[in-house]
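Student: What follows is a structure written as structure tokens; I'll ask about it next.
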Amino acid sequence: MLDKTYRPGEVEQKRYAEWEDDGAFAIGRRGNAQPYTIVIPPPNVTGSLHIGHALNNTLQDVLIRYERMRGRDALWQPGTDHAGIATQMVVERNLEKEGKTRHDLGREAFVERTWQQKEESVGTITGQLRRLGASCDWSRERFTMDEGLSKAVRKVFVDLYKQGLIYRDKRLVNWDSKLHTAISDLEVEQRDEKGHMWHIKYPVEDTENTYIVVATTRPETMLGDTGVAVHPDDDRYKHLVGKHAVLPLVGRRMPIVADSHVDPEQGSGALKVTPAHDFNDFDIGKRHDLDVVNVLDANACVNENAPDAYVGLDRFEARKRVIADLEAQGLLEKIDEITHTVPYGDRSGVPVEPWLTDQWFADAATLAKPAIEVVEDGRIQFVPKQWENTYFEWMRNIQPWCISRQLWWGHRIPAWFGPDGEIFVEMTEEEAYRAARSHYGREDVDLRREDDVLDTWFSSALWPFSTLGWPDKTPELERYYPTDVLVTGFDIIFFWVARMIMMGMHFMEEVPFHTVYVHALVRDAKGQKMSKSKGNIVDPMDLIETYGADPLRFTLTAMAAQGRDIKLSESRIEGYRNFGTKLWNAARLCEMNECRTPTGFDPSTIEHTLNRWIVGSVAHAERAVRDAIETYRFNEAANAVYHFAWHTFCDWYLEFAKPLLHGDDTVARDETRAVAGWVLDQILILLHPVMPFITEELWGQSNPNRDGQLVTHGWPDYPDLTAFEPAAREIGWVIDLVSEIRSVRTEMNVPAGAKIPLALIATPDEKRRYVEDNWNLIAPVARLTAVSTAAEAQAGSVQIVLEDATVALPLADVIDIDQERDRLAKEIDKVTQDIARIDGKLSNENFVSKAPEHVVETQRERREEAAQAKAKLIDALARLSAA
RNA sequence: GGGCGCAUAGCUCAGUUGGUUAGAGCGCCGUCUUGACAUGGCGGAGGUCCGUGGUUCAAAUCCACGUGCGCCCACCA
């Protein structure tokens, strides 16, 4: 017996465990079925899931559950990401609360502690995914720092190094002075800020009062200036090229050089060159062989390469001091207020510093080539397609990827340094020593392992094959790679998607997936990006607590239209929770009327018109849902099943079915029981990918004779039902009739409970039969007493024209003749306009000759119908006036 | 500086390759506690589809320009 009320929380608690106990999500249950694979975008082990994860995983689950029901051997590969910087920061923040830093613990203990954090977080995350209903094969759960995946990382690093695609280089990198690590270009966020442009006078050597004025937003870096550059064609400065300037405050003698990079329009037209602290200046310096003077340390404080007065000052302190000193010496020409972009570390939130260090780089340009090709030739397709442009844009201009990080949490780079700096890159320490001994030709060598770890995205890039066992040749790798679709947000197309494609092509020589489905960002109800600092985070677990996982899933699916951000509002979730209630109650109605699918039920043998109609409608709904899911139009799939379940099945079919279920005709009753039960089953099936819990619950409760759970039940494949089309026409007309009667009743203020008779006035035999055959269905829902036939409507009747039929409701007591006359006049007016519009088209020579035949034909039919209706309405109006 | 997206009902949004009368959720008005469901039923109001121009037999849909938002990329001191 179903409970009287639908309580999502209670329903959902028990269902998931049963699925897991049954091994419903495990791979390999279906012998030689075609595999279908999705690898989860591994959540960071920094804490818990946010609403974006809820969307991301709901969509994946919709696909996986759908394909599983379609009979595929579905693998949803779960796991988590160690998330180097992010996780290290979380642990450091926790340490800070205890008044400690990671240095108090030391590397080993710190890493140990981070593993604990990881364990806790994984527990939380996997619990949340289960609560959401995610049907992952948990037996295959992986973590990017598992032994197997770490082996894959080392193998990739070693191979790429030996192929010359990874190298060590001393160059400027984005340095995060708070986190004390290099970060990649992608981790730098440009922010627009108000600032100042300082114009500084640099004295020209061997002159009296001749200055070259440079403009800068970062005056403190002048301490590291080693040149001044001007444009070669700039007449203002031509005479100074080749001379030297003297760096104020420092006294360094610096060449004035001509370089076409300089924009004469910008600033003063003369550029101070600081090769150690600016990417452009670094290049200019190289071209003109300028010295590189690094004046900042890892904390972005001035180092001993600067004059003593500034050493130890933080960069912003140093800026103030430099300005003050220049001012005092009269070398500050002017200060402009400007808006400019400042690079910030996306994690630390402090300005990043271009800083000269030794780092490891991957030759991304080489790796990108095949990765570009596979998208160009369609072996990988983005949905929506527009994202391919974004992908190409970035990939075609890709820069070397700085893959080393000065962190403790992550994959330690498998490189060892000999005493002379010789580098040995090997899978293991043992092999490194072997290589070193052979290199040096002696036994007693001391190697020091690289301290740096790899960018977290380095291991994520291997995820589609490392989780399947690579570099070992496992059966899973053979069977489930390439995977089918990757579902992700656009914010990590560069970070992750691009790199998976690069690594997949390089190491597997095969695409990692054939489709990339890019979904939107979830924003709050006001459209703001959710963030901790804004405090507008919506915790999906709170929403699940309040409304249930199914309603949340349905909402996210229904809102996952392609190409727009999602503004999540609770009223929407509530609305879809109500949909669950509706379905629940429909199932209760079926239960109390003993509606169950009989064994061996064949929908094509159904005879009753109402039942033939709903069976045909099911087939249409199934088609709509299937098409929508297979083309990733998730919102359409959700809406199709919503509309069918509520507005077709509940609103019309079940209401019409009641008299049959309660009637004396046992043949019709039994057939209706069977069909109602069967249609409910179909709804549960179609809805299961989106709302797995309630559908499984109703599946189990609505029929005690099930063999197995809905989760692993097959997706339907209906027989040809074209013979049911006449039933669709008939019931369609009946529905229109009832709607019209209801509408008129309300308009004429007929009390809702009052029953009235119906008269068929000028009604062709077919429509007359429709009414008579379905009278027992029509009468209760339209609140009618009896049907009669009359040559003309009796006085005080309201007349309704439906296609070629006219029916009348005798409302002598209540009708307002004038009001009815107005109503008919309005109808006539409307249909006259229709006719005029259609005539406009049909009389257009071009329309008739150029439009497709079926379009023209439709217009002709519609013209015919409208003309008939108009004649009937005019007739009705005449009768009304006569009476 | 380049590139992309969005503008449709009071609010939040759908609307596949152009083709009858543009839909949903919430809200609003009226009405009904009939034996699935008031988390409901029934009926209803509400839209110059941002603007201008163009292509077409036909435009919310395609094109151009404009306006207003939003995002991504970029080395402009």
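Every chain in the structure tokens takes a letter, A first, then B, and so on in the order presented; its residues are numbered from 1, and the ligands are numbered from 1 following the presented order.
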What are the residues of chain B that have an atom within 12 Å of an atom of chain A, counting only C-alpha atoms (C1' of nucleotides), as number ranges by chain?

Tutor: B: 2-6, 11-16, 18-21, 23-27, 30-32, 34-44, 56-58, 69-77

Student: List every residue of range 806-872 of chain A that DSSP, applied to the backbone of this structure, places in alpha helix (DSSP H), and write the result as JSON, numbers by chain.

Tutor: {"A": [817, 818, 819, 820, 821, 822, 823, 824, 825, 826, 827, 828, 829, 830, 831, 832, 833, 834, 835, 836, 837, 838, 839, 840, 841, 842, 845, 846, 847, 848, 849, 850, 853, 854, 855, 856, 857, 858, 859, 860, 861, 862, 863, 864, 865, 866, 867, 868, 869, 870, 871, 872]}

Student: Write out, as a PDB file, in the first residue's frame, the residues just selected, with C-alpha atoms.

Tutor:
```pdb
ATOM      1  CA  ILE A 817     -28.655  36.728 -24.271  1.00  0.00           C
ATOM      2  CA  ASP A 818     -26.618  39.844 -24.846  1.00  0.00           C
ATOM      3  CA  GLN A 819     -23.540  38.307 -23.340  1.00  0.00           C
ATOM      4  CA  GLU A 820     -23.945  35.226 -25.506  1.00  0.00           C
ATOM      5  CA  ARG A 821     -24.445  37.379 -28.586  1.00  0.00           C
ATOM      6  CA  ASP A 822     -21.188  39.154 -27.789  1.00  0.00           C
ATOM      7  CA  ARG A 823     -19.420  35.874 -27.288  1.00  0.00           C
ATOM      8  CA  LEU A 824     -20.528  34.542 -30.642  1.00  0.00           C
ATOM      9  CA  ALA A 825     -19.686  37.826 -32.339  1.00  0.00           C
ATOM     10  CA  LYS A 826     -16.200  37.626 -30.889  1.00  0.00           C
ATOM     11  CA  GLU A 827     -15.786  34.072 -32.111  1.00  0.00           C
ATOM     12  CA  ILE A 828     -16.930  35.070 -35.554  1.00  0.00           C
ATOM     13  CA  ASP A 829     -14.565  37.963 -35.545  1.00  0.00           C
ATOM     14  CA  LYS A 830     -11.674  35.743 -34.621  1.00  0.00           C
ATOM     15  CA  VAL A 831     -12.367  33.117 -37.220  1.00  0.00           C
ATOM     16  CA  THR A 832     -12.898  35.826 -39.839  1.00  0.00           C
ATOM     17  CA  GLN A 833      -9.454  37.162 -39.128  1.00  0.00           C
ATOM     18  CA  ASP A 834      -8.074  33.668 -39.417  1.00  0.00           C
ATOM     19  CA  ILE A 835      -9.664  33.244 -42.794  1.00  0.00           C
ATOM     20  CA  ALA A 836      -8.397  36.585 -43.983  1.00  0.00           C
ATOM     21  CA  ARG A 837      -4.865  35.720 -42.971  1.00  0.00           C
ATOM     22  CA  ILE A 838      -4.981  32.331 -44.639  1.00  0.00           C
ATOM     23  CA  ASP A 839      -6.545  33.807 -47.765  1.00  0.00           C
ATOM     24  CA  GLY A 840      -3.735  36.298 -47.829  1.00  0.00           C
ATOM     25  CA  LYS A 841      -1.283  33.440 -48.062  1.00  0.00           C
ATOM     26  CA  LEU A 842      -3.233  31.284 -50.460  1.00  0.00           C
ATOM     27  CA  GLU A 845       1.119  33.252 -56.116  1.00  0.00           C
ATOM     28  CA  ASN A 846       4.593  32.906 -54.634  1.00  0.00           C
ATOM     29  CA  PHE A 847       3.380  31.135 -51.536  1.00  0.00           C
ATOM     30  CA  VAL A 848       1.462  28.537 -53.494  1.00  0.00           C
ATOM     31  CA  SER A 849       4.277  27.916 -55.921  1.00  0.00           C
ATOM     32  CA  LYS A 850       7.281  28.118 -53.571  1.00  0.00           C
ATOM     33  CA  GLU A 853       3.226  21.163 -50.680  1.00  0.00           C
ATOM     34  CA  HIS A 854       2.408  20.025 -47.147  1.00  0.00           C
ATOM     35  CA  VAL A 855       2.534  23.592 -45.853  1.00  0.00           C
ATOM     36  CA  VAL A 856       0.160  24.774 -48.528  1.00  0.00           C
ATOM     37  CA  GLU A 857      -2.093  21.798 -47.959  1.00  0.00           C
ATOM     38  CA  THR A 858      -2.268  22.502 -44.239  1.00  0.00           C
ATOM     39  CA  GLN A 859      -3.323  26.040 -44.961  1.00  0.00           C
ATOM     40  CA  ARG A 860      -6.045  24.851 -47.343  1.00  0.00           C
ATOM     41  CA  GLU A 861      -7.406  22.433 -44.766  1.00  0.00           C
ATOM     42  CA  ARG A 862      -7.336  25.081 -42.150  1.00  0.00           C
ATOM     43  CA  ARG A 863      -9.126  27.475 -44.471  1.00  0.00           C
ATOM     44  CA  GLU A 864     -11.825  24.898 -45.033  1.00  0.00           C
ATOM     45  CA  GLU A 865     -12.295  24.244 -41.326  1.00  0.00           C
ATOM     46  CA  ALA A 866     -12.402  27.909 -40.497  1.00  0.00           C
ATOM     47  CA  ALA A 867     -14.966  28.593 -43.185  1.00  0.00           C
ATOM     48  CA  GLN A 868     -17.192  25.822 -41.887  1.00  0.00           C
ATOM     49  CA  ALA A 869     -16.865  27.048 -38.353  1.00  0.00           C
ATOM     50  CA  LYS A 870     -17.696  30.554 -39.420  1.00  0.00           C
ATOM     51  CA  ALA A 871     -20.860  29.446 -41.205  1.00  0.00           C
ATOM     52  CA  LYS A 872     -21.902  27.515 -38.133  1.00  0.00           C
TER      53      LYS A 872
END
```

Student: So which one's closest to Pro551 in chain A, A:Phe644, A:Val690, A:His608, A:Gly663? Using only C-alpha atoms, please.

Tutor: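 When distances to Pro551 in chain A are compared using only C-alpha atoms, the smallest one comes from A:Val690.
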
Student: Counting only C-alpha atoms (C1' of nucleotides), which residue out of B:C63, B:G68, B:A9, B:U17 sits closest to G51 in chain B?

Tutor: B:G68

Student: Tell me, in Å to one decimal, how far CA of Ala368 in chain A is from CA of Pro471 in chain A.

Tutor: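 These atoms are spaced 21.4 Å apart.
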
Student: Nearest to Asp22 in chain A among A:Thr207, A:Gln709, A:Gln701, A:Ser48, with distances taken over only C-alpha atoms: which residue is it?

Tutor: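 Of A:Thr207, A:Gln709, A:Gln701, A:Ser48, the one nearest Asp22 in chain A, counting only C-alpha atoms, is A:Gln709.
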
Student: I'd like the neighbourhood of Ala362 in chain A as a short mmCIF file (atom, residue, chain, number, x, y, z; two decimals) with C-alpha atoms, in the first residue's frame, where a residue qualifies if any of its atoms comes within 12 Å (using only C-alpha atoms (C1' of nucleotides)), though same-chain residues fewer than 3 positions away should be ignored.

Tutor:
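Okay, this is what ended up in result20.cif:
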```cif
data_model
loop_
_atom_site.label_atom_id
_atom_site.label_comp_id
_atom_site.auth_asym_id
_atom_site.auth_seq_id
_atom_site.Cartn_x
_atom_site.Cartn_y
_atom_site.Cartn_z
CA VAL A 156 53.78 10.02 -18.65
CA PHE A 157 56.33 12.37 -17.18
CA VAL A 158 59.26 10.09 -17.95
CA ASP A 159 58.10 9.36 -21.48
CA LEU A 160 57.44 12.99 -22.32
CA TYR A 161 60.79 13.97 -20.86
CA LYS A 162 62.61 11.38 -22.89
CA GLN A 163 60.71 12.48 -25.97
CA GLY A 164 61.82 16.03 -25.35
CA LEU A 165 58.28 17.20 -24.68
CA ILE A 166 59.01 18.02 -21.06
CA TYR A 167 62.00 20.15 -20.22
CA ARG A 168 63.45 22.20 -17.46
CA ASP A 169 64.00 25.88 -18.07
CA SER A 184 50.21 28.43 -14.88
CA GLN A 359 60.63 25.29 -13.63
CA ALA A 365 52.21 23.35 -28.76
CA THR A 366 53.41 19.95 -29.96
CA LEU A 367 50.91 18.02 -27.90
CA ALA A 368 48.13 20.30 -29.08
CA ILE A 398 48.88 27.65 -26.69
CA GLN A 399 51.95 28.55 -24.62
CA PRO A 400 54.39 26.24 -22.86
CA TRP A 401 52.67 24.70 -19.87
CA CYS A 402 54.44 25.28 -16.57
CA ILE A 403 53.80 21.98 -14.84
CA SER A 404 55.93 22.28 -11.70
CA LEU A 454 53.20 18.52 -10.61
CA ASP A 455 50.33 20.79 -11.49
CA PHE A 458 48.74 16.98 -15.06
CA ARG A 499 44.69 18.46 -21.73
CA MET A 502 46.26 16.06 -25.70
CA MET A 503 47.33 13.26 -23.40
#
```

Student: Could you give me, as a list in words, each residue of range 447-481 of chain A that DSSP assigns to strand (DSSP E) when run on this structure's backbone?

Tutor: Arg448, Arg449, Val453 and Leu454 of chain A

Student: How would the residues just picked look written out with N, CA, C and O atoms as a PDB file, in the first residue's frame?

Tutor:
```pdb
ATOM      1  N   ARG A 448      69.817  13.858  -5.494  1.00  0.00           N
ATOM      2  CA  ARG A 448      68.810  14.594  -4.721  1.00  0.00           C
ATOM      3  C   ARG A 448      67.539  14.642  -5.554  1.00  0.00           C
ATOM      4  O   ARG A 448      67.572  15.021  -6.718  1.00  0.00           O
ATOM      5  N   ARG A 449      66.438  14.221  -4.935  1.00  0.00           N
ATOM      6  CA  ARG A 449      65.204  14.208  -5.722  1.00  0.00           C
ATOM      7  C   ARG A 449      64.606  15.622  -5.808  1.00  0.00           C
ATOM      8  O   ARG A 449      64.680  16.393  -4.856  1.00  0.00           O
ATOM      9  N   VAL A 453      56.309  19.393  -7.021  1.00  0.00           N
ATOM     10  CA  VAL A 453      55.264  18.462  -7.434  1.00  0.00           C
ATOM     11  C   VAL A 453      54.671  18.963  -8.761  1.00  0.00           C
ATOM     12  O   VAL A 453      54.993  20.051  -9.218  1.00  0.00           O
ATOM     13  N   LEU A 454      53.802  18.153  -9.321  1.00  0.00           N
ATOM     14  CA  LEU A 454      53.202  18.516 -10.607  1.00  0.00           C
ATOM     15  C   LEU A 454      51.892  19.284 -10.435  1.00  0.00           C
ATOM     16  O   LEU A 454      51.157  19.074  -9.458  1.00  0.00           O
TER      17      LEU A 454
END
```

Student: Would you mind reading off the distance between CA of Pro757 in chain A and C1' of C29 in chain B, one decimal, in Å?

Tutor: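 Atom-to-atom, CA of Pro757 in chain A to C1' of C29 in chain B, that is 28.8 Å.
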
Student: Hey, which of B:C28, B:A7, B:A22, B:A45 ends up closest to U61 in chain B? Count only C-alpha atoms (C1' of nucleotides).

Tutor: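 The closest residue to U61 in chain B is B:A22.
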
Student: Just the number, please: distance in Å from CA of Glu108 in chain A to CA of Val90 in chain A, one decimal.

Tutor: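 Here the two named atoms are 16.9 Å from each other.
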
Student: Identify, on the basis of only C-alpha atoms (C1' of nucleotides), every residue whose closest approach to C65 in chain B does not exceed 12 Å; exclude the query and any residue fewer than 6 positions from it along the same chain; express the result as a list in words.

Tutor: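 The contact residues come out as G51, U52, G53 and G54 of chain B.
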
Student: Smallest atom-to-atom distance to Asp452 in chain A: which of A:Glu388, A:Glu510, A:Asp804, A:Asp358, using only C-alpha atoms?

Tutor: A:Asp358
